[in-house]
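Working notes for the structure below.
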Amino acid sequence: MIETIGFDADDTLWHNEILYLRAQEAFQELLVPYAPPGKALDELHRTELQNIPLYGYGIKGFALSMIETAIRLSDGRTTAAETARILDIAKEMLRAPVQLLDGVREVLAALAPDYELVMITKGDLLDQELKVARSGLGPFFRNIEVVPEKNPEIYLEILDRLRIPPQRFLMVGNSLRSDILPLVSLGAHAVHIPYDITWEHEAVELGTGQAAGYAELEQIGLLPGFVQELSMQLGGKDGS
Ligand SMILES: [Mg+2]
């Protein structure tokens, strides 16, 4: 049976990647005097990936990577005004209103009476906490975990701490790499709900979901029906 359902937040509960796409467009435009748009974007991606071990995930690290990329692509000629514009791009992202995906509130309201809900999100602590507050979704969740990385060790630590057996846990998220595969490896259940846009770093090549030990749903509105069916398959609330 399923007792606890974990939710990723960015691009599972609310839109996030779209903020990065808009910022990348503004950044490329800003760097036109120094580099063609495609090159600026490639360099930015490369810089971001190199910096993840130092900065972690989130908008502040992204801002530093934009500044670093601008310095490199301009051979040090980028101006203070251009740097100020980059900081503005990042602040716009940090202040952006939270836009929930369609049906999220209804789905959480439908599941909350029967299951414990936890949010497990990767990124900058302050930024993620502000988004939770702005989303108004906080009260649905027993726990909100902001983690630096999503791997089997970190998920296991959370499940152990909350005393949740993996086989009674279902994780829901848009990223195969971060939300699904680590849980499958722990023997937990997982539902992949793809988002329109996936960050390159999160993309993985895989076969069909069923064969790989997880399910795939087109949109989050289908989740309550899926959970009900899965619970029945697993023997209902009284089964194991
Ligand atoms: Mg996500």
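Naming scheme: A, B, ... for chains in displayed order of the structure tokens; residues 1 onward per chain; ligands 1 onward as shown.
Residue-level DSSP output for range 36-145 of chain A, from the backbone, shows strand (DSSP E) at Glu116, Leu117, Val118, Met119, Ile120, Thr121, Lys122, Asn143, Ile144 and Glu145 of chain A.
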Those residues with N, CA, C and O atoms, as a compact mmCIF listing (two decimals), in the first residue's frame please?
# COMPACT_ATOMS: atom_id res chain seq x y z
N GLU A 116 -0.22 10.94 3.40
CA GLU A 116 0.67 11.99 3.86
C GLU A 116 1.41 12.53 2.65
O GLU A 116 1.92 11.75 1.83
N LEU A 117 1.49 13.84 2.55
CA LEU A 117 2.16 14.44 1.39
C LEU A 117 3.45 15.12 1.86
O LEU A 117 3.47 15.81 2.88
N VAL A 118 4.51 14.91 1.11
CA VAL A 118 5.76 15.62 1.38
C VAL A 118 6.23 16.27 0.09
O VAL A 118 5.98 15.76 -1.01
N MET A 119 6.88 17.42 0.22
CA MET A 119 7.46 18.08 -0.95
C MET A 119 8.97 17.91 -0.87
O MET A 119 9.56 18.10 0.19
N ILE A 120 9.58 17.48 -1.96
CA ILE A 120 11.03 17.32 -1.98
C ILE A 120 11.55 18.10 -3.19
O ILE A 120 11.32 17.73 -4.34
N THR A 121 12.20 19.20 -2.91
CA THR A 121 12.61 20.09 -3.99
C THR A 121 14.10 20.42 -3.87
O THR A 121 14.64 20.52 -2.77
N LYS A 122 14.71 20.58 -5.00
CA LYS A 122 16.16 20.79 -5.07
C LYS A 122 16.42 22.26 -5.39
O LYS A 122 15.75 22.83 -6.23
N ASN A 143 5.76 17.61 5.39
CA ASN A 143 7.16 18.03 5.40
C ASN A 143 7.53 18.67 4.08
O ASN A 143 7.05 18.23 3.03
N ILE A 144 8.39 19.67 4.16
CA ILE A 144 8.93 20.27 2.94
C ILE A 144 10.44 20.18 3.04
O ILE A 144 11.05 20.73 3.96
N GLU A 145 11.03 19.43 2.13
CA GLU A 145 12.47 19.18 2.16
C GLU A 145 13.13 19.91 1.00
O GLU A 145 12.79 19.67 -0.16
Produce as a CSV table (one decimal) with N, CA and C atoms, in the first residue's frame the set of residues near ligand 1, where near means within 8 Å with only C-alpha atoms and all ligand atoms considered.
chain,number,residue,atom,x,y,z
A,8,ASP,N,7.9,16.5,-6.3
A,8,ASP,CA,8.9,17.5,-6.7
A,8,ASP,C,8.1,18.8,-6.9
A,9,ALA,N,8.7,20.0,-6.9
A,9,ALA,CA,8.0,21.2,-7.0
A,9,ALA,C,8.2,21.9,-8.3
A,10,ASP,N,9.4,22.2,-8.7
A,10,ASP,CA,9.6,23.0,-9.9
A,10,ASP,C,9.2,22.2,-11.1
A,11,ASP,N,8.3,22.7,-11.9
A,11,ASP,CA,7.8,22.1,-13.1
A,11,ASP,C,7.0,20.8,-12.9
A,12,THR,N,6.7,20.6,-11.6
A,12,THR,CA,5.7,19.5,-11.2
A,12,THR,C,4.5,20.1,-10.6
A,16,ASN,N,8.5,26.6,-13.7
A,16,ASN,CA,9.8,27.1,-13.3
A,16,ASN,C,10.8,27.3,-14.5
A,121,THR,N,12.2,19.2,-2.9
A,121,THR,CA,12.6,20.1,-4.0
A,121,THR,C,14.1,20.4,-3.9
A,173,GLY,N,7.1,13.4,-10.1
A,173,GLY,CA,8.0,14.5,-10.6
A,173,GLY,C,8.2,14.6,-12.1
A,174,ASN,N,8.7,15.7,-12.6
A,174,ASN,CA,8.9,15.9,-14.0
A,174,ASN,C,10.2,15.4,-14.5
A,175,SER,N,11.2,15.1,-13.6
A,175,SER,CA,12.5,14.8,-14.0
A,175,SER,C,12.9,13.3,-13.8
A,178,SER,N,16.1,13.2,-11.6
A,178,SER,CA,16.1,13.6,-10.2
A,178,SER,C,14.9,13.0,-9.4
A,179,ASP,N,13.8,12.8,-10.0
A,179,ASP,CA,12.6,12.5,-9.3
A,179,ASP,C,12.2,11.0,-9.4
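If only C-alpha atoms are the atoms counted, then among A:Gly58, A:Gln24, A:Glu48, A:Phe169 the closest residue to Ser231 in chain A is A:Phe169.
The closest residue to Leu100 in chain A, picked from A:His189, A:Arg134, A:Lys39, A:Arg142 and counting only C-alpha atoms, is A:Arg134.
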For this session: Might you pull out every residue within 12 Å of Glu92 in chain A, with only C-alpha atoms counted and same-chain residues fewer than 3 positions away left off, and present them as a PyMOL selection string?
Result: chain A and resi 19-20+22-23+26+59-60+63+85-89+95-97
Export, as a JSON list (two decimals), in the first residue's frame, the selected residues with N, CA, C and O atoms.
[["chain", "number", "residue", "atom", "x", "y", "z"],
["A", 19, "LEU", "N", 10.96, 30.42, -16.60],
["A", 19, "LEU", "CA", 11.70, 31.59, -16.10],
["A", 19, "LEU", "C", 13.13, 31.58, -16.63],
["A", 19, "LEU", "O", 13.68, 32.62, -17.00],
["A", 20, "TYR", "N", 13.73, 30.39, -16.65],
["A", 20, "TYR", "CA", 15.10, 30.26, -17.15],
["A", 20, "TYR", "C", 15.15, 30.53, -18.66],
["A", 20, "TYR", "O", 16.09, 31.15, -19.15],
["A", 22, "ARG", "N", 13.20, 32.49, -20.41],
["A", 22, "ARG", "CA", 13.08, 33.94, -20.62],
["A", 22, "ARG", "C", 14.39, 34.64, -20.27],
["A", 22, "ARG", "O", 14.83, 35.54, -20.97],
["A", 23, "ALA", "N", 14.99, 34.23, -19.16],
["A", 23, "ALA", "CA", 16.25, 34.85, -18.73],
["A", 23, "ALA", "C", 17.36, 34.59, -19.76],
["A", 23, "ALA", "O", 18.15, 35.48, -20.07],
["A", 26, "ALA", "N", 16.98, 36.94, -22.65],
["A", 26, "ALA", "CA", 17.44, 38.30, -22.31],
["A", 26, "ALA", "C", 18.96, 38.34, -22.25],
["A", 26, "ALA", "O", 19.59, 39.31, -22.70],
["A", 59, "ILE", "N", 18.72, 30.08, -8.74],
["A", 59, "ILE", "CA", 18.84, 31.31, -9.53],
["A", 59, "ILE", "C", 20.10, 32.09, -9.20],
["A", 59, "ILE", "O", 20.73, 32.67, -10.08],
["A", 60, "LYS", "N", 20.51, 32.08, -7.93],
["A", 60, "LYS", "CA", 21.71, 32.87, -7.58],
["A", 60, "LYS", "C", 22.95, 32.31, -8.26],
["A", 60, "LYS", "O", 23.77, 33.07, -8.79],
["A", 63, "ALA", "N", 22.84, 33.30, -11.84],
["A", 63, "ALA", "CA", 23.25, 34.69, -12.05],
["A", 63, "ALA", "C", 24.77, 34.81, -12.11],
["A", 63, "ALA", "O", 25.32, 35.48, -13.00],
["A", 85, "ARG", "N", 22.50, 44.76, -15.52],
["A", 85, "ARG", "CA", 21.35, 44.20, -16.26],
["A", 85, "ARG", "C", 21.21, 42.70, -15.95],
["A", 85, "ARG", "O", 20.09, 42.20, -15.79],
["A", 86, "ILE", "N", 22.34, 42.00, -15.88],
["A", 86, "ILE", "CA", 22.29, 40.57, -15.54],
["A", 86, "ILE", "C", 21.70, 40.37, -14.15],
["A", 86, "ILE", "O", 20.86, 39.50, -13.93],
["A", 87, "LEU", "N", 22.12, 41.22, -13.21],
["A", 87, "LEU", "CA", 21.56, 41.11, -11.85],
["A", 87, "LEU", "C", 20.06, 41.38, -11.86],
["A", 87, "LEU", "O", 19.30, 40.72, -11.14],
["A", 88, "ASP", "N", 19.64, 42.32, -12.70],
["A", 88, "ASP", "CA", 18.19, 42.59, -12.81],
["A", 88, "ASP", "C", 17.44, 41.38, -13.37],
["A", 88, "ASP", "O", 16.33, 41.07, -12.92],
["A", 89, "ILE", "N", 18.05, 40.74, -14.36],
["A", 89, "ILE", "CA", 17.41, 39.54, -14.94],
["A", 89, "ILE", "C", 17.19, 38.51, -13.82],
["A", 89, "ILE", "O", 16.12, 37.91, -13.70],
["A", 95, "ARG", "N", 11.74, 37.29, -8.11],
["A", 95, "ARG", "CA", 10.50, 37.94, -7.68],
["A", 95, "ARG", "C", 9.28, 37.45, -8.46],
["A", 95, "ARG", "O", 8.16, 37.88, -8.17],
["A", 96, "ALA", "N", 9.50, 36.61, -9.44],
["A", 96, "ALA", "CA", 8.39, 36.20, -10.31],
["A", 96, "ALA", "C", 7.27, 35.54, -9.50],
["A", 96, "ALA", "O", 7.55, 34.75, -8.59],
["A", 97, "PRO", "N", 6.03, 35.85, -9.80],
["A", 97, "PRO", "CA", 4.94, 35.17, -9.09],
["A", 97, "PRO", "C", 4.95, 33.67, -9.39],
["A", 97, "PRO", "O", 5.41, 33.26, -10.46]]
Problem set entry | Shortest interatomic distance to Asp124 in chain A - which of A:Leu223, A:Leu94, A:Gly213, A:Met232, counting only C-alpha atoms | A:Leu94
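Proximity to Leu54 in chain A was assessed for A:Pro148, A:Gln99, A:Gly136, A:Leu176 counting only C-alpha atoms; the smallest distance is recorded for A:Pro148.
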For this session: Using DSSP on the backbone coordinates, identify the residues of range 59-194 of chain A assigned to helix (DSSP H, G or I); present them as a PyMOL selection string.
Result: chain A and resi 59-73+80-95+104-111+125-135+138-140+152-161+166-168+176-185
Problem set entry | Long-range neighbours of Leu30 in chain A as a count of residues only, 12 Å cut-off, only C-alpha atoms, 4 positions minimum in chain | 26
